[in-house]
$ cat entry-v9.cif   # mmCIF, C-alpha atoms
data_structure
loop_
_atom_site.label_atom_id
_atom_site.label_comp_id
_atom_site.auth_asym_id
_atom_site.auth_seq_id
_atom_site.Cartn_x
_atom_site.Cartn_y
_atom_site.Cartn_z
CA LEU A 942 -31.37 -19.08 -12.06
CA TRP A 943 -33.15 -17.42 -14.99
CA SER A 944 -32.94 -13.87 -13.64
CA GLU A 945 -29.39 -14.21 -12.36
CA LEU A 946 -28.10 -15.45 -15.70
CA TYR A 947 -30.05 -13.10 -17.96
CA ALA A 948 -30.21 -9.84 -16.01
CA GLY A 949 -26.93 -10.40 -14.20
CA CYS A 950 -24.36 -12.58 -15.91
CA LEU A 951 -25.33 -12.22 -19.59
CA ASN A 952 -26.10 -8.52 -19.29
CA ASP A 953 -22.69 -7.88 -17.72
CA LEU A 954 -20.91 -9.98 -20.34
CA ASN A 955 -22.70 -8.06 -23.09
CA TYR A 956 -21.36 -4.82 -21.58
CA VAL A 957 -17.82 -6.19 -21.61
CA ILE A 958 -18.25 -7.31 -25.22
CA THR A 959 -19.45 -3.86 -26.31
CA LYS A 960 -16.60 -2.06 -24.53
CA SER A 961 -14.00 -4.52 -25.81
CA GLU A 962 -15.17 -4.01 -29.38
CA GLU A 963 -14.96 -0.24 -28.95
CA GLU A 964 -11.42 -0.47 -27.58
CA GLY A 965 -10.11 -3.14 -29.96
CA ASP A 966 -9.43 -5.44 -27.00
CA THR A 967 -9.82 -8.76 -28.81
CA GLY A 968 -8.63 -10.68 -25.77
CA SER A 969 -11.36 -9.44 -23.44
CA LEU A 970 -13.82 -9.79 -26.31
CA LEU A 971 -12.86 -13.46 -26.62
CA ILE A 972 -13.18 -14.16 -22.89
CA ALA A 973 -16.56 -12.46 -22.53
CA SER A 974 -17.94 -13.99 -25.72
CA LEU A 975 -16.95 -17.50 -24.69
CA LEU A 976 -18.50 -17.09 -21.25
CA LYS A 977 -21.64 -15.73 -22.89
CA ALA A 978 -21.83 -18.75 -25.19
CA TYR A 979 -21.23 -21.10 -22.26
CA THR A 980 -24.05 -19.46 -20.28
CA PHE A 981 -26.51 -19.64 -23.17
CA GLN A 982 -25.59 -23.29 -23.64
CA VAL A 983 -26.51 -24.07 -20.05
CA LEU A 984 -29.75 -22.08 -20.30
CA THR A 985 -30.98 -23.67 -23.53
CA ASP A 986 -29.94 -27.17 -22.46
CA LEU A 987 -31.97 -26.72 -19.29
CA TYR A 988 -35.01 -24.80 -20.54
CA GLY A 989 -35.08 -25.64 -24.26
CA ASP A 990 -36.39 -22.77 -26.39
CA ILE A 991 -35.35 -19.45 -24.84
CA PRO A 992 -34.86 -15.81 -25.85
CA TYR A 993 -31.55 -15.59 -27.70
CA SER A 994 -31.48 -13.50 -30.87
CA GLU A 995 -33.82 -10.88 -29.35
CA ALA A 996 -32.41 -11.07 -25.81
CA LEU A 997 -30.22 -8.56 -23.94
CA THR A 998 -31.57 -5.43 -25.63
CA GLY A 999 -32.75 -3.83 -22.41
CA SER A 1000 -35.81 -1.59 -22.61
CA ASP A 1001 -35.77 -1.77 -26.42
CA ASN A 1002 -37.48 -5.17 -26.20
CA ILE A 1003 -38.83 -6.42 -22.89
CA THR A 1004 -40.86 -9.24 -24.49
CA PRO A 1005 -38.34 -11.07 -26.67
CA ASN A 1006 -39.41 -14.06 -28.73
CA VAL A 1007 -37.82 -17.42 -28.03
CA ASP A 1008 -35.49 -19.21 -30.44
CA ALA A 1009 -35.51 -22.94 -31.06
CA GLY A 1010 -32.75 -24.72 -29.20
CA SER A 1011 -31.37 -26.15 -32.44
CA ASP A 1012 -31.07 -22.63 -33.88
CA ILE A 1013 -29.42 -21.37 -30.71
CA TYR A 1014 -26.78 -24.08 -30.98
CA LEU A 1015 -25.96 -23.09 -34.55
CA GLY A 1016 -25.82 -19.46 -33.42
CA LEU A 1017 -23.48 -20.27 -30.55
CA ILE A 1018 -21.15 -22.25 -32.80
CA ALA A 1019 -21.10 -19.40 -35.32
CA ASP A 1020 -20.43 -16.82 -32.59
CA ILE A 1021 -17.60 -18.82 -31.05
CA THR A 1022 -16.01 -19.52 -34.43
CA THR A 1023 -16.22 -15.83 -35.41
CA VAL A 1024 -14.79 -14.42 -32.19
CA MET A 1025 -11.95 -16.95 -32.13
CA ALA A 1026 -11.07 -16.12 -35.74
CA SER A 1027 -11.18 -12.41 -34.88
CA TYR A 1028 -8.79 -12.95 -31.99
CA ASN A 1029 -6.42 -15.09 -34.06
CA ASP A 1030 -6.35 -12.43 -36.79
CA ASN A 1031 -5.54 -9.70 -34.27
CA PRO A 1032 -4.38 -11.22 -30.97
CA VAL A 1033 -4.50 -8.56 -28.28
CA ASP A 1034 -3.92 -9.74 -24.73
CA SER A 1035 -6.90 -9.07 -22.49
CA SER A 1036 -6.59 -6.06 -20.22
CA VAL A 1037 -8.41 -7.76 -17.33
CA GLY A 1038 -5.33 -9.49 -15.95
CA SER A 1039 -5.82 -11.02 -12.52
CA GLN A 1040 -9.49 -9.97 -12.54
CA ASP A 1041 -9.95 -13.07 -14.68
CA ALA A 1042 -10.39 -15.55 -11.83
CA ILE A 1043 -10.52 -18.52 -14.20
CA TYR A 1044 -7.37 -18.35 -16.31
CA GLY A 1045 -5.72 -15.11 -15.26
CA ALA A 1046 -6.14 -13.67 -18.76
CA ASP A 1047 -3.90 -16.37 -20.24
CA MET A 1048 -5.16 -16.19 -23.80
CA ASP A 1049 -3.81 -19.58 -24.87
CA SER A 1050 -5.97 -21.15 -22.17
CA TRP A 1051 -9.03 -19.26 -23.37
CA VAL A 1052 -8.48 -20.42 -26.95
CA GLN A 1053 -8.32 -23.96 -25.59
CA PHE A 1054 -11.51 -23.30 -23.62
CA GLY A 1055 -13.21 -22.14 -26.83
CA ASN A 1056 -12.19 -25.30 -28.68
CA THR A 1057 -13.40 -27.46 -25.80
CA LEU A 1058 -16.73 -25.63 -25.65
CA LEU A 1059 -17.14 -26.10 -29.41
CA LEU A 1060 -16.47 -29.81 -29.03
CA LYS A 1061 -19.11 -30.04 -26.30
CA LEU A 1062 -21.70 -28.32 -28.49
CA TYR A 1063 -20.94 -30.56 -31.45
CA MET A 1064 -21.07 -33.75 -29.38
CA ARG A 1065 -24.36 -32.76 -27.82
CA MET A 1066 -25.81 -32.75 -31.34
CA SER A 1067 -24.51 -36.25 -32.06
CA TYR A 1068 -27.92 -37.95 -32.15
CA THR A 1069 -29.48 -35.23 -34.33
CA SER A 1070 -29.47 -34.30 -38.01
CA GLN A 1071 -27.16 -31.41 -37.10
CA ALA A 1072 -24.33 -33.77 -36.13
CA ASN A 1073 -21.13 -32.59 -37.82
CA PRO A 1074 -18.41 -35.28 -37.87
CA THR A 1075 -16.18 -33.15 -40.13
CA ALA A 1076 -16.12 -30.24 -37.70
CA VAL A 1077 -15.58 -32.59 -34.77
CA MET A 1078 -12.62 -34.33 -36.36
CA ALA A 1079 -11.09 -30.99 -37.34
CA LEU A 1080 -11.07 -30.07 -33.64
CA ILE A 1081 -9.74 -33.50 -32.67
CA ASN A 1082 -6.92 -33.27 -35.20
CA GLU A 1083 -6.02 -29.75 -34.07
CA ASN A 1084 -5.85 -31.14 -30.51
CA ASN A 1085 -5.85 -27.80 -28.72
CA PHE A 1086 -8.16 -28.39 -25.76
CA ILE A 1087 -7.92 -27.26 -22.15
CA VAL A 1088 -4.98 -28.59 -20.13
CA SER A 1089 -6.13 -27.15 -16.80
CA ASP A 1090 -9.61 -27.06 -15.28
CA ALA A 1091 -11.68 -23.96 -15.95
CA SER A 1092 -12.75 -23.15 -12.42
CA PHE A 1093 -13.51 -20.27 -10.08
CA ALA A 1094 -11.64 -20.80 -6.83
CA LEU A 1095 -11.42 -17.41 -5.12
CA TYR A 1096 -13.60 -18.38 -2.19
CA GLU A 1097 -13.01 -17.62 1.48
CA ASP A 1098 -14.33 -19.19 4.66
CA ALA A 1099 -16.60 -16.24 5.37
CA ILE A 1100 -20.25 -15.28 4.89
CA ASN A 1101 -21.03 -14.29 1.29
CA LYS A 1102 -17.50 -15.19 0.23
CA ALA A 1103 -17.74 -18.99 0.37
CA ASN A 1104 -18.60 -21.55 -2.28
CA PRO A 1105 -22.26 -20.71 -3.06
CA PHE A 1106 -23.56 -24.24 -2.51
CA TYR A 1107 -21.83 -24.38 0.85
CA ASP A 1108 -22.89 -20.84 1.72
CA VAL A 1109 -26.58 -21.56 1.14
CA GLN A 1110 -27.15 -25.28 1.64
CA LEU A 1111 -24.74 -26.05 4.45
CA ASP A 1112 -24.14 -22.79 6.30
CA ARG A 1113 -27.47 -20.98 6.04
CA LEU A 1114 -29.99 -23.81 5.69
CA GLY A 1115 -28.28 -26.22 8.06
CA ASP A 1116 -27.17 -29.02 5.72
CA VAL A 1117 -30.61 -30.65 5.53
CA ASN A 1118 -31.49 -30.73 1.83
CA ASN A 1119 -28.92 -33.04 0.24
CA ILE A 1120 -28.37 -36.72 0.98
CA ALA A 1121 -26.27 -39.30 -0.83
CA SER A 1122 -28.17 -41.28 -3.45
CA LYS A 1123 -27.28 -44.96 -3.55
CA SER A 1124 -27.04 -44.75 -7.33
CA LEU A 1125 -23.61 -43.15 -7.22
CA LEU A 1126 -22.54 -43.96 -3.67
CA GLU A 1127 -22.86 -47.70 -4.19
CA PHE A 1128 -21.24 -47.50 -7.62
CA TYR A 1129 -18.16 -46.02 -5.97
CA ALA A 1130 -18.30 -48.51 -3.10
CA ALA A 1131 -18.72 -51.58 -5.32
CA ASN A 1132 -15.69 -50.59 -7.38
CA ASN A 1133 -13.48 -49.51 -4.46
CA ASP A 1134 -13.37 -46.05 -5.97
CA PRO A 1135 -11.67 -43.48 -3.70
CA ARG A 1136 -13.80 -40.72 -5.23
CA MET A 1137 -16.43 -41.79 -2.68
CA ASP A 1138 -14.31 -40.17 0.04
CA ALA A 1139 -13.95 -37.00 -2.01
CA VAL A 1140 -17.61 -36.67 -2.98
CA TYR A 1141 -19.30 -37.63 0.31
CA ARG A 1142 -18.92 -37.09 4.03
CA THR A 1143 -19.65 -40.03 6.32
CA ASP A 1144 -22.69 -40.17 8.58
CA ASN A 1145 -22.50 -39.59 12.34
CA THR A 1146 -21.16 -43.11 12.88
CA GLY A 1147 -18.31 -42.71 10.40
CA LEU A 1148 -19.97 -44.81 7.68
CA PHE A 1149 -21.08 -44.04 4.15
CA GLU A 1150 -24.85 -44.37 3.96
CA GLY A 1151 -27.31 -43.26 1.29
CA ILE A 1152 -30.94 -43.75 0.31
CA ASP A 1153 -32.56 -45.04 -2.82
CA GLN A 1154 -33.24 -42.04 -5.01
CA GLY A 1155 -36.12 -40.02 -3.57
CA ASP A 1156 -36.93 -42.46 -0.76
CA ARG A 1157 -38.49 -39.94 1.61
CA ASN A 1158 -39.89 -42.62 3.93
CA THR A 1159 -36.46 -43.97 4.83
CA TYR A 1160 -35.23 -40.46 5.47
CA ALA A 1161 -38.28 -39.63 7.60
CA THR A 1162 -37.80 -42.64 9.87
CA LEU A 1163 -34.15 -41.96 10.60
CA LEU A 1164 -32.29 -38.91 11.81
CA GLY A 1165 -30.73 -36.87 9.03
CA SER A 1166 -27.31 -37.35 10.58
CA ASN A 1167 -27.53 -41.06 9.70
CA PHE A 1168 -26.78 -40.28 6.04
CA SER A 1169 -23.82 -39.18 4.00
CA ARG A 1170 -23.90 -35.71 2.53
CA PRO A 1171 -21.96 -33.73 -0.10
CA ASN A 1172 -18.35 -33.14 0.81
CA VAL A 1173 -18.45 -29.51 -0.28
CA THR A 1174 -16.52 -26.98 1.80
CA SER A 1175 -16.47 -23.21 1.88
CA LEU A 1176 -13.39 -23.27 -0.38
CA THR A 1177 -14.53 -25.86 -2.96
CA PRO A 1178 -14.10 -24.37 -6.46
CA VAL A 1179 -16.94 -24.03 -8.95
CA TYR A 1180 -16.03 -25.73 -12.23
CA LEU A 1181 -17.08 -24.69 -15.72
CA ILE A 1182 -15.26 -27.37 -17.72
CA THR A 1183 -12.66 -29.82 -16.46
CA VAL A 1184 -9.85 -31.54 -18.29
CA SER A 1185 -11.57 -34.82 -17.45
CA GLU A 1186 -14.77 -33.69 -19.18
CA SER A 1187 -12.72 -32.67 -22.19
CA ASN A 1188 -11.04 -36.09 -22.26
CA PHE A 1189 -14.39 -37.90 -22.24
CA LEU A 1190 -15.73 -35.64 -25.00
CA GLN A 1191 -12.71 -36.54 -27.10
CA ALA A 1192 -13.14 -40.24 -26.34
CA GLU A 1193 -16.77 -40.07 -27.47
CA ALA A 1194 -15.78 -38.25 -30.66
CA LEU A 1195 -13.18 -40.91 -31.48
CA ILE A 1196 -15.71 -43.69 -30.88
CA ARG A 1197 -18.34 -42.07 -33.08
CA TYR A 1198 -16.25 -40.67 -35.89
CA ALA A 1199 -12.86 -42.40 -35.91
CA GLY A 1200 -13.72 -46.06 -35.40
CA GLY A 1201 -12.61 -45.86 -31.77
CA THR A 1202 -8.94 -45.28 -32.56
CA ASN A 1203 -7.21 -43.86 -29.46
CA ALA A 1204 -10.52 -43.61 -27.60
CA ASN A 1205 -9.09 -45.84 -24.88
CA THR A 1206 -6.28 -43.34 -24.28
CA LYS A 1207 -8.66 -40.43 -23.86
CA TYR A 1208 -10.94 -42.54 -21.66
CA GLU A 1209 -8.04 -43.43 -19.37
CA GLU A 1210 -6.87 -39.81 -19.28
CA GLY A 1211 -10.41 -38.84 -18.32
CA VAL A 1212 -10.40 -41.15 -15.30
CA VAL A 1213 -6.94 -40.02 -14.20
CA ASN A 1214 -7.77 -36.33 -14.58
CA SER A 1215 -10.99 -36.83 -12.63
CA PHE A 1216 -8.92 -38.08 -9.71
CA MET A 1217 -6.64 -35.06 -10.09
CA THR A 1218 -9.61 -32.66 -9.96
CA TYR A 1219 -10.74 -34.38 -6.74
CA ASN A 1220 -7.14 -34.12 -5.40
CA LEU A 1221 -6.83 -37.90 -5.15
CA ASP A 1222 -3.85 -40.18 -5.73
CA VAL A 1223 -3.64 -40.85 -9.48
CA SER A 1224 -2.05 -44.23 -8.84
CA ASP A 1225 -5.46 -45.40 -7.59
CA ALA A 1226 -6.99 -44.31 -10.88
CA GLN A 1227 -4.27 -46.10 -12.80
CA ASP A 1228 -5.00 -49.30 -10.88
CA LEU A 1229 -8.68 -49.06 -11.72
CA ILE A 1230 -8.07 -48.59 -15.46
CA SER A 1231 -5.33 -51.19 -15.69
CA VAL A 1232 -5.83 -54.63 -17.19
CA GLY A 1233 -8.21 -56.48 -14.91
CA GLY A 1234 -9.15 -53.29 -13.09
CA ALA A 1235 -12.76 -52.33 -12.43
CA TYR A 1236 -12.58 -49.58 -15.06
CA GLU A 1237 -10.51 -51.33 -17.70
CA TYR A 1238 -11.47 -50.06 -21.15
CA THR A 1239 -13.00 -52.70 -23.40
CA VAL A 1240 -12.85 -52.22 -27.15
CA SER A 1241 -16.12 -52.87 -28.95
CA ALA A 1242 -17.19 -52.65 -32.57
CA ASP A 1243 -20.58 -51.45 -31.36
CA PRO A 1244 -20.22 -47.67 -30.76
CA GLU A 1245 -22.94 -47.63 -28.10
CA ILE A 1246 -21.27 -50.40 -26.10
CA ALA A 1247 -17.94 -48.60 -26.31
CA LEU A 1248 -19.60 -45.31 -25.47
CA ARG A 1249 -21.36 -46.63 -22.38
CA GLN A 1250 -18.15 -47.08 -20.39
CA VAL A 1251 -17.08 -43.54 -21.30
CA MET A 1252 -20.38 -42.04 -20.21
CA ILE A 1253 -20.46 -44.03 -16.95
CA GLN A 1254 -17.06 -42.61 -16.05
CA LYS A 1255 -18.10 -39.14 -17.16
CA TRP A 1256 -21.11 -39.39 -14.84
CA ALA A 1257 -18.88 -40.62 -12.00
CA SER A 1258 -16.51 -37.69 -12.55
CA LEU A 1259 -19.08 -34.89 -12.36
CA ALA A 1260 -20.45 -35.21 -8.81
CA TYR A 1261 -20.37 -31.64 -7.39
CA ILE A 1262 -17.89 -30.82 -10.18
CA ASN A 1263 -20.62 -30.08 -12.72
CA ASN A 1264 -23.86 -31.80 -11.77
CA ILE A 1265 -25.93 -30.09 -14.45
CA GLU A 1266 -23.70 -31.49 -17.21
CA ALA A 1267 -24.23 -34.99 -15.82
CA PHE A 1268 -27.99 -34.38 -16.02
CA PHE A 1269 -27.72 -33.26 -19.66
CA GLU A 1270 -25.54 -36.18 -20.66
CA VAL A 1271 -27.74 -38.80 -19.01
CA ASN A 1272 -30.71 -37.40 -20.91
CA ARG A 1273 -28.78 -37.32 -24.18
CA THR A 1274 -27.06 -40.72 -24.11
CA LYS A 1275 -29.31 -42.68 -21.69
CA PHE A 1276 -26.19 -43.76 -19.80
CA PRO A 1277 -26.36 -44.62 -16.96
CA GLU A 1278 -29.65 -46.33 -17.68
CA THR A 1279 -32.69 -45.43 -15.59
CA VAL A 1280 -34.56 -48.46 -14.25
CA THR A 1281 -37.31 -49.11 -11.71
CA LEU A 1282 -36.22 -49.77 -8.15
CA GLY A 1283 -35.45 -53.46 -7.66
CA ASN A 1284 -34.03 -53.90 -11.16
CA GLU A 1285 -30.92 -51.81 -10.65
CA ASP A 1286 -27.28 -52.89 -10.71
CA TYR A 1287 -25.37 -50.14 -8.99
CA THR A 1288 -22.10 -51.97 -9.60
CA ILE A 1289 -22.14 -51.16 -13.32
CA GLY A 1290 -23.83 -47.78 -12.89
CA ASN A 1291 -27.61 -47.53 -12.90
CA LEU A 1292 -30.08 -44.82 -11.98
CA VAL A 1293 -33.51 -45.51 -10.52
CA VAL A 1294 -36.75 -43.61 -10.85
CA SER A 1295 -37.29 -41.50 -7.75
CA VAL A 1296 -39.28 -43.49 -5.19
CA SER A 1297 -41.36 -40.38 -4.46
CA SER A 1298 -41.84 -39.32 -8.07
CA VAL A 1299 -45.31 -38.29 -9.22
CA LEU A 1300 -44.39 -39.20 -12.80
CA THR A 1301 -45.61 -42.52 -14.19
CA GLY A 1302 -43.58 -45.44 -15.43
CA ASN A 1303 -39.87 -44.82 -15.97
CA GLN A 1304 -40.34 -41.14 -16.69
CA THR A 1305 -37.89 -38.68 -15.19
CA PRO A 1306 -37.57 -34.90 -15.65
CA ASN A 1307 -35.87 -33.75 -18.84
CA THR A 1308 -36.18 -30.01 -18.30
CA ILE A 1309 -37.47 -27.44 -15.83
CA LEU A 1310 -40.37 -25.04 -16.17
CA TYR A 1311 -39.91 -21.41 -17.13
CA PRO A 1312 -40.15 -19.06 -14.14
CA ASP A 1313 -43.73 -17.94 -13.49
CA ASN A 1314 -42.79 -14.26 -13.52
CA GLU A 1315 -41.22 -14.64 -16.97
CA VAL A 1316 -44.28 -16.37 -18.39
CA THR A 1317 -46.53 -13.73 -16.82
CA ARG A 1318 -44.56 -10.76 -18.13
CA ASN A 1319 -43.57 -12.06 -21.54
CA PRO A 1320 -46.49 -13.17 -23.77
CA ASN A 1321 -43.99 -14.67 -26.20
CA ILE A 1322 -43.05 -17.41 -23.72
CA THR A 1323 -45.53 -20.24 -23.29
CA GLN A 1324 -45.20 -22.47 -20.23
CA LYS A 1325 -44.40 -26.12 -20.84
CA SER A 1326 -47.02 -28.75 -20.23
CA SER A 1327 -44.68 -31.15 -18.47
CA LEU A 1328 -41.21 -31.64 -17.01
CA THR A 1329 -40.89 -34.65 -19.31
CA GLU A 1330 -40.67 -32.51 -22.46
CA LYS A 1331 -37.42 -33.37 -24.18
CA ILE A 1332 -34.71 -30.95 -25.18
CA TRP A 1333 -34.24 -30.98 -28.96
CA TRP A 1334 -30.97 -32.95 -28.91
CA ASP A 1335 -32.52 -35.71 -26.79
CA GLN A 1336 -33.26 -38.08 -29.69
CA LYS A 1337 -31.74 -41.42 -28.79
#
$ encode --input "entry-v9.cif" --output "structure tokens"
Amino acid sequence: LWSELYAGCLNDLNYVITKSEEEGDTGSLLIASLLKAYTFQVLTDLYGDIPYSEALTGSDNITPNVDAGSDIYLGLIADITTVMASYNDNPVDSSVGSQDAIYGADMDSWVQFGNTLLLKLYMRMSYTSQANPTAVMALINENNFIVSDASFALYEDAINKANPFYDVQLDRLGDVNNIASKSLLEFYAANNDPRMDAVYRTDNTGLFEGIDQGDRNTYATLLGSNFSRPNVTSLTPVYLITVSESNFLQAEALIRYAGGTNANTKYEEGVVNSFMTYNLDVSDAQDLISVGGAYEYTVSADPEIALRQVMIQKWASLAYINNIEAFFEVNRTKFPETVTLGNEDYTIGNLVVSVSSVLTGNQTPNTILYPDNEVTRNPNITQKSSLTEKIWWDQK
């Protein structure tokens, strides 16, 4: 992950940025800069403090210092704001055309992507001293967010051309590493949520069956075919940001900074658009969010109570769509709640501590360790002491 994103993705994007600046191609500059910011956001949210201001200089600096995650966020916001202003001042359509597999060089869509990414960064800071309600509400009032999912869908049913999760986990490794966790499976089942059929395949008897999170003993005593597994195919797109995720970000912003006005509308749009991303019948979503439905929105004067239902639906909408964002948001908001096995209520959305975890109490991982080869080669990176170290925005 580290090497692919730094030496591959970010290095390539930096090349495009340099060439675009030389050629006055503000469209390609915007696309590459936004993808660069998105990639750094994922990296710092996962690892915490990482090389940022001194990164991507090649042989000029092979031991870059790390930047604090909070500083990286401010840098990303500044970079996005600057490049979007530059494009708006001199809008030149990108020359990449159909090579842009996400939006086909449609610059209006990329501006919307930039606004949505900004909103995500601002909302991730919501429990910190860097929270910026004024900037958030400016974006909300402008209301120019993505209207179609940002996804890469140019996969083929062929070796090295398929969805990468499918290509590795299902095709090459034999579909043995991923089993349905009851946490989400039973949430779907208890609420008659058709997303269960989209997210999971049935077991060898045609039933949906999962295990309590990390319950290796149950898995060891039964054949692997007795469990449901991810319903990812060779052609499943990879998603960067979905309209549903954007809707839930907006709902959260309205709950936090606008007294909840219109949050219910954005919440309901989030559920409906989640069904659309999964290619499900939206009428089923509308039934679930209707009065008396399992996902009916309930107004509350307590922002955290109102927020919980938004975050539960956001979590339910991200399975194989953007799992890493679900991980970040659970850590940030503590919704769904993590409880010890036996105290869970999967009906309302609960997580449980992994049965096989070596961590004590209710602790769960908040980050991942830096790669050993990076720590070995770069004296300016110190390995973390524990997977339980919190990312800077995790302050609830």
$ closest_atom_pairs --input "entry-v9.cif" --of "stretch 1102-1159 of chain A" --to "stretch 1241-1253 of chain A" --cutoff "12 Å" --atoms "only C-alpha atoms" --output "Markdown table"
| residue | atom | partner | partner_atom | distance |
| --- | --- | --- | --- | --- |
| A:Ser1124 | CA | A:Ile1253 | CA | 11.7 |
| A:Leu1125 | CA | A:Ile1253 | CA | 10.3 |
| A:Phe1128 | CA | A:Ile1253 | CA | 10.0 |
| A:Tyr1129 | CA | A:Ile1253 | CA | 11.4 |
$ write_last_selection --input "entry-v9.cif" --atoms "C-alpha atoms" --output "PDB file, keeping the file's coordinate frame"
ATOM      1  CA  SER A1124     -27.040 -44.750  -7.330  1.00  0.00           C
ATOM      2  CA  LEU A1125     -23.610 -43.150  -7.220  1.00  0.00           C
ATOM      3  CA  PHE A1128     -21.240 -47.500  -7.620  1.00  0.00           C
ATOM      4  CA  TYR A1129     -18.160 -46.020  -5.970  1.00  0.00           C
TER       5      TYR A1129
END
$ closest_residue --input "entry-v9.cif" --among "A:Ser1187, A:Ser1027, A:Thr1206, A:Ser1224" --to "A:Leu1080" --atoms "all atoms listed in the file"
A:Ser1187
$ residues_around --input "entry-v9.cif" --residues "A:Glu1097" --least-positions-apart "4" --cutoff "12 Å" --atoms "all atoms listed in the file" --output "list in words"
Phe1093, Asn1101, Lys1102, Ala1103, Asn1104, Pro1105, Tyr1107, Asp1108, Thr1174, Ser1175, Leu1176, Thr1177 and Pro1178 of chain A
$ closest_residue --input "entry-v9.cif" --among "A:Ser1215, A:Thr1281, A:Asn1303, A:Ser1298" --to "A:Tyr1261" --atoms "all atoms listed in the file"
A:Ser1215
$ residues_around --input "entry-v9.cif" --residues "A:Val957" --least-positions-apart "3" --cutoff "9 Å" --atoms "only C-alpha atoms" --output "list in words"
Asn952, Asp953, Leu954, Lys960, Ser961, Glu962, Ser969, Leu970, Ala973 and Ser974 of chain A
$ closest_residue --input "entry-v9.cif" --among "A:Ile1262, A:Val1007, A:Met1025, A:Ala1130" --to "A:Gly968" --atoms "all atoms listed in the file"
A:Met1025
$ closest_residue --input "entry-v9.cif" --among "A:Thr1305, A:Val1173, A:Val1033, A:Ala1131" --to "A:Asp1286" --atoms "all atoms listed in the file"
A:Ala1131
$ residues_around --input "entry-v9.cif" --residues "stretch 1149-1153 of chain A" --least-positions-apart "4" --cutoff "6 Å" --atoms "all atoms listed in the file" --output "list in words"
Ala1121, Ser1122, Lys1123, Thr1143, Phe1168 and Ser1169 of chain A
$ resolve_selection --input "entry-v9.cif" --expression "the PyMOL selection byres ((chain A and resi 1135) around 10)" --output "list in words"
Tyr1129, Ala1130, Asn1132, Asn1133, Asp1134, Arg1136, Met1137, Asp1138, Ala1139, Val1140, Phe1216, Tyr1219, Leu1221, Asp1222, Asp1225 and Ala1226 of chain A
$ residues_around --input "entry-v9.cif" --residues "A:Ile1021" --least-positions-apart "2" --cutoff "12 Å" --atoms "only C-alpha atoms" --output "PDB file with C-alpha atoms, keeping the file's coordinate frame"
ATOM      1  CA  LEU A 970     -13.820  -9.790 -26.310  1.00  0.00           C
ATOM      2  CA  LEU A 971     -12.860 -13.460 -26.620  1.00  0.00           C
ATOM      3  CA  ILE A 972     -13.180 -14.160 -22.890  1.00  0.00           C
ATOM      4  CA  ALA A 973     -16.560 -12.460 -22.530  1.00  0.00           C
ATOM      5  CA  SER A 974     -17.940 -13.990 -25.720  1.00  0.00           C
ATOM      6  CA  LEU A 975     -16.950 -17.500 -24.690  1.00  0.00           C
ATOM      7  CA  LEU A 976     -18.500 -17.090 -21.250  1.00  0.00           C
ATOM      8  CA  LYS A 977     -21.640 -15.730 -22.890  1.00  0.00           C
ATOM      9  CA  ALA A 978     -21.830 -18.750 -25.190  1.00  0.00           C
ATOM     10  CA  TYR A 979     -21.230 -21.100 -22.260  1.00  0.00           C
ATOM     11  CA  PHE A 981     -26.510 -19.640 -23.170  1.00  0.00           C
ATOM     12  CA  GLN A 982     -25.590 -23.290 -23.640  1.00  0.00           C
ATOM     13  CA  TYR A1014     -26.780 -24.080 -30.980  1.00  0.00           C
ATOM     14  CA  LEU A1015     -25.960 -23.090 -34.550  1.00  0.00           C
ATOM     15  CA  GLY A1016     -25.820 -19.460 -33.420  1.00  0.00           C
ATOM     16  CA  LEU A1017     -23.480 -20.270 -30.550  1.00  0.00           C
ATOM     17  CA  ILE A1018     -21.150 -22.250 -32.800  1.00  0.00           C
ATOM     18  CA  ALA A1019     -21.100 -19.400 -35.320  1.00  0.00           C
ATOM     19  CA  THR A1023     -16.220 -15.830 -35.410  1.00  0.00           C
ATOM     20  CA  VAL A1024     -14.790 -14.420 -32.190  1.00  0.00           C
ATOM     21  CA  MET A1025     -11.950 -16.950 -32.130  1.00  0.00           C
ATOM     22  CA  ALA A1026     -11.070 -16.120 -35.740  1.00  0.00           C
ATOM     23  CA  SER A1027     -11.180 -12.410 -34.880  1.00  0.00           C
ATOM     24  CA  TYR A1028      -8.790 -12.950 -31.990  1.00  0.00           C
ATOM     25  CA  TRP A1051      -9.030 -19.260 -23.370  1.00  0.00           C
ATOM     26  CA  VAL A1052      -8.480 -20.420 -26.950  1.00  0.00           C
ATOM     27  CA  GLN A1053      -8.320 -23.960 -25.590  1.00  0.00           C
ATOM     28  CA  PHE A1054     -11.510 -23.300 -23.620  1.00  0.00           C
ATOM     29  CA  GLY A1055     -13.210 -22.140 -26.830  1.00  0.00           C
ATOM     30  CA  ASN A1056     -12.190 -25.300 -28.680  1.00  0.00           C
ATOM     31  CA  THR A1057     -13.400 -27.460 -25.800  1.00  0.00           C
ATOM     32  CA  LEU A1058     -16.730 -25.630 -25.650  1.00  0.00           C
ATOM     33  CA  LEU A1059     -17.140 -26.100 -29.410  1.00  0.00           C
ATOM     34  CA  LEU A1060     -16.470 -29.810 -29.030  1.00  0.00           C
ATOM     35  CA  LEU A1062     -21.700 -28.320 -28.490  1.00  0.00           C
TER      36      LEU A1062
END
